Structure formats: C-alpha cells, structure tokens
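Q: As input, take target39.cif (mmCIF, C-alpha atoms):
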data_entry
#
loop_
_atom_site.group_PDB
_atom_site.id
_atom_site.type_symbol
_atom_site.label_atom_id
_atom_site.label_comp_id
_atom_site.auth_asym_id
_atom_site.auth_seq_id
_atom_site.Cartn_x
_atom_site.Cartn_y
_atom_site.Cartn_z
ATOM 1 C CA MET A 114 61.082 120.634 97.005
ATOM 2 C CA SER A 115 64.852 120.709 96.693
ATOM 3 C CA ARG A 116 67.006 119.950 99.684
ATOM 4 C CA LYS A 117 70.728 120.356 99.922
ATOM 5 C CA PHE A 118 73.024 118.776 102.454
ATOM 6 C CA SER A 119 76.730 119.411 102.563
ATOM 7 C CA SER A 120 79.151 117.489 104.693
ATOM 8 C CA SER A 121 82.724 116.374 104.808
ATOM 9 C CA THR A 122 84.009 113.482 106.897
ATOM 10 C CA ILE A 123 87.669 114.340 106.403
ATOM 11 C CA GLY A 124 89.292 115.124 109.737
ATOM 12 C CA LEU A 125 86.443 113.759 111.848
ATOM 13 C CA ASP A 126 86.893 111.124 114.508
ATOM 14 C CA ILE A 127 85.653 107.627 113.657
ATOM 15 C CA MET A 128 82.380 107.933 115.605
ATOM 16 C CA ALA A 129 81.340 111.239 113.996
ATOM 17 C CA LYS A 130 82.300 109.936 110.558
ATOM 18 C CA GLU A 131 80.202 106.777 111.015
ATOM 19 C CA LYS A 132 77.207 108.840 112.214
ATOM 20 C CA ILE A 133 77.326 111.029 109.108
ATOM 21 C CA GLN A 134 77.707 108.008 106.834
ATOM 22 C CA SER A 135 74.774 106.255 108.569
ATOM 23 C CA PHE A 136 72.627 109.389 108.261
ATOM 24 C CA LEU A 137 73.327 109.637 104.535
ATOM 25 C CA GLN A 138 72.548 105.936 104.028
ATOM 26 C CA GLU A 139 69.281 106.241 105.964
ATOM 27 C CA ILE A 140 68.042 109.360 104.183
ATOM 28 C CA ASN A 141 68.933 107.837 100.823
ATOM 29 C CA LYS A 142 66.958 104.686 101.595
ATOM 30 C CA GLU A 143 63.998 106.140 103.508
ATOM 31 C CA LYS A 144 63.384 109.269 101.441
ATOM 32 C CA GLU A 145 64.652 107.844 98.139
ATOM 33 C CA ILE A 146 66.830 110.919 97.801
ATOM 34 C CA THR A 147 69.741 110.930 95.406
ATOM 35 C CA ILE A 148 72.861 112.197 97.106
ATOM 36 C CA ILE A 149 75.636 113.635 95.018
ATOM 37 C CA LEU A 150 78.875 113.152 96.874
ATOM 38 C CA THR A 151 81.964 115.004 95.687
ATOM 39 C CA THR A 152 84.914 113.589 97.542
ATOM 40 C CA HIS A 153 88.426 112.291 97.444
ATOM 41 C CA ASN A 154 87.729 110.282 100.602
ATOM 42 C CA MET A 155 87.936 106.643 99.510
ATOM 43 C CA ASP A 156 86.281 105.406 102.710
ATOM 44 C CA ASP A 157 83.180 107.476 101.911
ATOM 45 C CA ILE A 158 83.135 106.153 98.349
ATOM 46 C CA GLU A 159 83.324 102.526 99.486
ATOM 47 C CA LYS A 160 80.644 102.873 102.153
ATOM 48 C CA LEU A 161 78.171 105.216 100.487
ATOM 49 C CA CYS A 162 78.312 104.976 96.719
ATOM 50 C CA HIS A 163 76.435 102.519 94.549
ATOM 51 C CA ARG A 164 77.281 104.468 91.426
ATOM 52 C CA VAL A 165 80.406 106.486 90.755
ATOM 53 C CA ILE A 166 81.226 109.000 88.063
ATOM 54 C CA PHE A 167 84.812 110.083 87.527
ATOM 55 C CA ILE A 168 85.159 113.400 85.759
ATOM 56 C CA ASP A 169 88.473 114.846 84.635
ATOM 57 C CA LYS A 170 88.696 118.184 82.841
ATOM 58 C CA GLY A 171 84.985 118.015 82.004
ATOM 59 C CA GLN A 172 85.234 114.522 80.489
ATOM 60 C CA ILE A 173 83.466 111.533 82.038
ATOM 61 C CA LEU A 174 86.079 108.829 82.490
ATOM 62 C CA PHE A 175 83.825 106.270 84.137
ATOM 63 C CA ASP A 176 80.128 106.077 84.981
ATOM 64 C CA GLY A 177 78.855 102.934 86.660
ATOM 65 C CA SER A 178 78.597 100.918 89.821
ATOM 66 C CA THR A 179 81.483 100.405 92.188
ATOM 67 C CA ALA A 180 81.159 96.657 91.511
ATOM 68 C CA VAL A 181 81.580 97.168 87.756
ATOM 69 C CA MET A 182 84.480 99.552 88.344
ATOM 70 C CA THR A 183 86.199 96.997 90.585
ATOM 71 C CA ALA A 184 85.600 94.171 88.092
ATOM 72 C CA GLU A 185 86.839 96.255 85.152
ATOM 73 C CA PHE A 186 89.845 97.934 86.771
ATOM 74 C CA GLY A 187 90.546 95.741 89.785
ATOM 75 C CA GLY A 188 91.152 92.349 88.157
ATOM 76 C CA PHE A 189 94.106 91.657 90.394
ATOM 77 C CA ARG A 190 94.927 90.834 93.988
ATOM 78 C CA TYR A 191 97.930 91.201 96.239
ATOM 79 C CA LEU A 192 100.008 88.477 97.773
ATOM 80 C CA VAL A 193 101.081 90.152 101.016
ATOM 81 C CA VAL A 194 104.109 88.664 102.719
ATOM 82 C CA ASP A 195 105.414 89.742 106.110
ATOM 83 C CA ALA A 196 109.143 89.199 105.650
ATOM 84 C CA PRO A 197 111.355 91.272 107.939
ATOM 85 C CA ASN A 198 114.509 89.603 106.599
ATOM 86 C CA TRP A 199 113.772 90.386 102.927
ATOM 87 C CA ASP A 200 116.764 90.333 100.594
ATOM 88 C CA GLU A 201 115.729 91.935 97.321
ATOM 89 C CA ALA A 202 119.004 91.021 95.612
ATOM 90 C CA ALA A 203 118.304 87.301 96.088
ATOM 91 C CA TRP A 204 114.773 87.503 94.637
ATOM 92 C CA SER A 205 114.293 86.550 90.988
ATOM 93 C CA GLY A 206 110.493 86.433 90.920
ATOM 94 C CA PRO A 207 107.939 89.112 90.059
ATOM 95 C CA PRO A 208 108.777 92.580 91.355
ATOM 96 C CA VAL A 209 107.497 93.880 94.647
ATOM 97 C CA ASP A 210 104.656 96.292 93.839
ATOM 98 C CA ARG A 211 105.093 98.187 97.115
ATOM 99 C CA ARG A 212 106.462 97.850 100.637
ATOM 100 C CA GLU A 213 104.908 98.834 103.949
ATOM 101 C CA ASP A 214 107.381 98.275 106.770
ATOM 102 C CA SER A 215 108.204 94.556 106.624
ATOM 103 C CA GLN A 216 105.223 93.750 104.390
ATOM 104 C CA LEU A 217 105.828 93.084 100.704
ATOM 105 C CA PHE A 218 102.948 93.486 98.247
ATOM 106 C CA PHE A 219 103.179 91.395 95.078
ATOM 107 C CA ARG A 220 100.543 92.152 92.453
ATOM 108 C CA ILE A 221 98.877 88.942 91.270
ATOM 109 C CA GLU A 222 97.100 88.973 87.912
ATOM 110 C CA ASP A 223 96.575 85.206 87.726
ATOM 111 C CA ASP A 224 95.836 82.908 90.681
ATOM 112 C CA LYS A 225 98.164 80.314 89.130
ATOM 113 C CA GLN A 226 101.067 82.588 90.145
ATOM 114 C CA VAL A 227 100.368 82.265 93.869
ATOM 115 C CA ALA A 228 101.560 78.713 94.684
ATOM 116 C CA PRO A 229 104.884 78.951 92.784
ATOM 117 C CA MET A 230 105.567 82.359 94.349
ATOM 118 C CA ILE A 231 104.891 81.066 97.857
ATOM 119 C CA LYS A 232 107.221 78.122 97.218
ATOM 120 C CA GLN A 233 109.958 80.394 95.855
ATOM 121 C CA LEU A 234 109.554 82.847 98.731
ATOM 122 C CA SER A 235 109.579 80.144 101.425
ATOM 123 C CA ASP A 236 112.783 78.676 99.945
ATOM 124 C CA LEU A 237 114.388 82.114 100.146
ATOM 125 C CA ILE A 238 113.153 83.704 103.383
ATOM 126 C CA ASP A 239 111.472 83.129 106.707
ATOM 127 C CA ILE A 240 107.833 84.142 106.142
ATOM 128 C CA HIS A 241 106.141 85.472 109.280
ATOM 129 C CA ASN A 242 102.688 85.909 107.742
ATOM 130 C CA LEU A 243 101.095 85.593 104.324
ATOM 131 C CA THR A 244 97.706 86.742 103.010
ATOM 132 C CA VAL A 245 95.964 87.386 99.709
ATOM 133 C CA GLN A 246 94.128 90.721 99.600
ATOM 134 C CA GLU A 247 91.619 92.213 97.238
ATOM 135 C CA PRO A 248 92.700 95.622 95.949
ATOM 136 C CA LYS A 249 91.619 98.678 97.906
ATOM 137 C CA ILE A 250 89.386 101.196 96.156
ATOM 138 C CA GLU A 251 92.430 103.485 95.844
ATOM 139 C CA ASP A 252 94.235 100.779 93.853
ATOM 140 C CA VAL A 253 91.245 100.300 91.558
ATOM 141 C CA ILE A 254 90.935 104.039 90.913
ATOM 142 C CA LYS A 255 94.673 104.297 90.295
ATOM 143 C CA GLN A 256 94.373 101.484 87.729
ATOM 144 C CA LEU A 257 91.444 103.301 86.080
ATOM 145 C CA TYR A 258 93.526 106.453 85.660
ATOM 146 C CA GLN A 259 96.594 104.545 84.449
ATOM 147 C CA ARG A 260 94.573 102.647 81.854
ATOM 148 C CA ILE A 261 93.067 105.797 80.377
ATOM 149 C CA GLY A 262 96.445 107.524 80.246
ATOM 150 C CA HIS A 263 96.379 109.974 83.159
#
Now that the file is in, can you turn its structure into structure tokens?
A:
Amino acid sequence: MSRKFSSSTIGLDIMAKEKIQSFLQEINKEKEITIILTTHNMDDIEKLCHRVIFIDKGQILFDGSTAVMTAEFGGFRYLVVDAPNWDEAAWSGPPVDRREDSQLFFRIEDDKQVAPMIKQLSDLIDIHNLTVQEPKIEDVIKQLYQRIGH
C-alpha cells in the first residue's frame, strides 16, 4: 500500500512546526516508512534528514548522510567576535567572512589560527564576547555548491 503525505513547515509558528517534525520522525521510526522531503527549509533538513540528495538540473551533486556532507563540505568553523567598536582599517588579519550587527564572523580552517587571532583582536579592540561556532547547514550547503562550481 502506498501512502503519500505532503506538508510544508514554512510560515508555521514554532509549535505547529515542531508537531509536524515530530509526527514525521515518529512515522518514519514506527512504520519504517521512507519519507521523501523536498524542501529549502534548512531547519527541516537538520532535524529530519539522515540522508540528503542534492539535485541540480537533473544531476545528483551529493548523495549521502548529513554527517558525511558536513565532514566533507563543512571542515571549518567560525570565530565569532562581538566587537561594537570594530575598526576594519586597523585590522591586518584574516578577512571578516560576514557581519551581523556588531558580530564579526571569521572563517577558521585550522584551529591553530584561533589563539593568534584572539591575541591580535584583543590588542586592537575591546571584545565583548567571543565564541567558536560550527557552521550552520546553510554554510555547508553553500560550500558544497561553491566547490562544484555553482
């Protein structure tokens, strides 16, 4: 017997979205039903997918687990610095990958970069907060597309 279920969580409030995601996880586990999810919603991908397939113009770009995808295309982290008094002209270190308000995101490819960057930054500015973040799924997917030339 073939069953079809169609749903979109885009535009739903957080409670409705979580209920749909929980339902899909339960039915997948209890009934051993494969669910094909076509989405651009990264939150759904992170929470629901064990295997992802990226298709572009009929060509499979990637087919594997989210863990493999993250390991293959997400081999970096971000040094995130909250620096409201940032002076870009005075900075001679690696470029800022992106800014979000007073937060600066520096892409770190090698953990050995972190300590010298923190030292250089603290000599230059007043750091309000500092964290190291794993890349979001959006960053990993963006890296996948950049690496294959899209």
Q: I'd like to know which of A:Ile123, A:Leu161, A:Ile166, A:Val227 is closest to Tyr191 in chain A, using only C-alpha atoms.
A: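 Closest candidate: A:Val227.
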Q: For CA of Thr152 in chain A and CA of Ile168 in chain A, determine how far apart the two atoms are, in Å to one decimal place.
A: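 It comes out at 11.8 Å.
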Q: With a distance cut-off of 8 Å and only C-alpha atoms, select the neighbouring residues of Ile221 in chain A, excluding the residue or stretch itself and same-chain residues fewer than 3 positions from it, and output the selection as a list in words.
A: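 Once the nearby chain positions are removed, what remains is Phe189, Arg190, Tyr191, Leu192, Asp224, Gln226 and Val227 of chain A.
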Q: Would you kindly translate the PyMOL selection byres ((chain A and resi 199) around 10) into the concrete residues it picks from this file, as a list of chain:residue names?
A: A:Val194, A:Asp195, A:Ala196, A:Pro197, A:Asn198, A:Asp200, A:Glu201, A:Ala202, A:Ala203, A:Trp204, A:Ser215, A:Gln216, A:Leu217, A:Leu234, A:Leu237, A:Ile238, A:Asp239, A:Ile240
Q: With distances taken over only C-alpha atoms, which residue among A:Leu257, A:Leu137, A:Ala180, A:Met128 lies nearest Glu159 in chain A?
A: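 Checking each candidate against Glu159 in chain A, we get A:Ala180 as the closest.
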Q: Residues within 9 Å of Pro207 in chain A, please, as number ranges by chain. Count only C-alpha atoms; anything in the same chain fewer than 4 positions from it doesn't count.
A: A: 219-220, 230
Q: Separation of CA of Lys249 in chain A and CA of Asp156 in chain A, in Å?
A: 9.8 Å
Q: To one decimal place in Å, what is the distance between CA of Val253 in chain A and CA of Asn154 in chain A?
A: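 Going from CA of Val253 in chain A over to CA of Asn154 in chain A, I get 13.9 Å.
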Q: In terms of the shortest atom-to-atom distance over all atoms listed in the file, which of A:Asp236, A:Phe175, A:Phe136, A:Asp252 is closest to Asp210 in chain A?
A: A:Asp252
Q: For Asp176 in chain A, which residue among A:Arg212, A:Thr244, A:Gln134, A:His163 is the nearest when counting only C-alpha atoms?
A: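 Going through A:Arg212, A:Thr244, A:Gln134, A:His163 one by one, the smallest distance to Asp176 in chain A is for A:His163.
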Q: Edge lengths and centre, in Å to one decimal, as lines of an AutoDock Vina configuration file: that's what I need for the box along x, y and z that holds all listed atoms of range 220-224 of chain A plus 6 Å on each side.
A:
center_x = 98.2
center_y = 87.5
center_z = 90.1
size_x = 16.7
size_y = 21.2
size_z = 16.7
Q: Hey, what's within 12 Å of Lys255 in chain A if we count all atoms listed in the file and toss same-chain stuff fewer than 4 positions away? As a JSON list (two decimals) with C-alpha atoms, in the coordinates of the input, please?
A:
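Dumped everything to part.json:
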[["chain", "number", "residue", "atom", "x", "y", "z"],
["A", 155, "MET", "CA", 87.94, 106.64, 99.51],
["A", 167, "PHE", "CA", 84.81, 110.08, 87.53],
["A", 182, "MET", "CA", 84.48, 99.55, 88.34],
["A", 183, "THR", "CA", 86.20, 97.00, 90.58],
["A", 186, "PHE", "CA", 89.84, 97.93, 86.77],
["A", 187, "GLY", "CA", 90.55, 95.74, 89.78],
["A", 248, "PRO", "CA", 92.70, 95.62, 95.95],
["A", 249, "LYS", "CA", 91.62, 98.68, 97.91],
["A", 250, "ILE", "CA", 89.39, 101.20, 96.16],
["A", 251, "GLU", "CA", 92.43, 103.48, 95.84],
["A", 259, "GLN", "CA", 96.59, 104.54, 84.45],
["A", 260, "ARG", "CA", 94.57, 102.65, 81.85],
["A", 261, "ILE", "CA", 93.07, 105.80, 80.38],
["A", 262, "GLY", "CA", 96.44, 107.52, 80.25],
["A", 263, "HIS", "CA", 96.38, 109.97, 83.16]]
Q: Using the chain letters and residue numbers of this document, give as a list in words the residues selected by the PyMOL selection byres ((chain A and resi 178) around 6).
A: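 In the shown coordinates, the PyMOL selection byres ((chain A and resi 178) around 6) covers His163, Arg164, Val165, Gly177, Thr179, Ala180 and Val181 of chain A.
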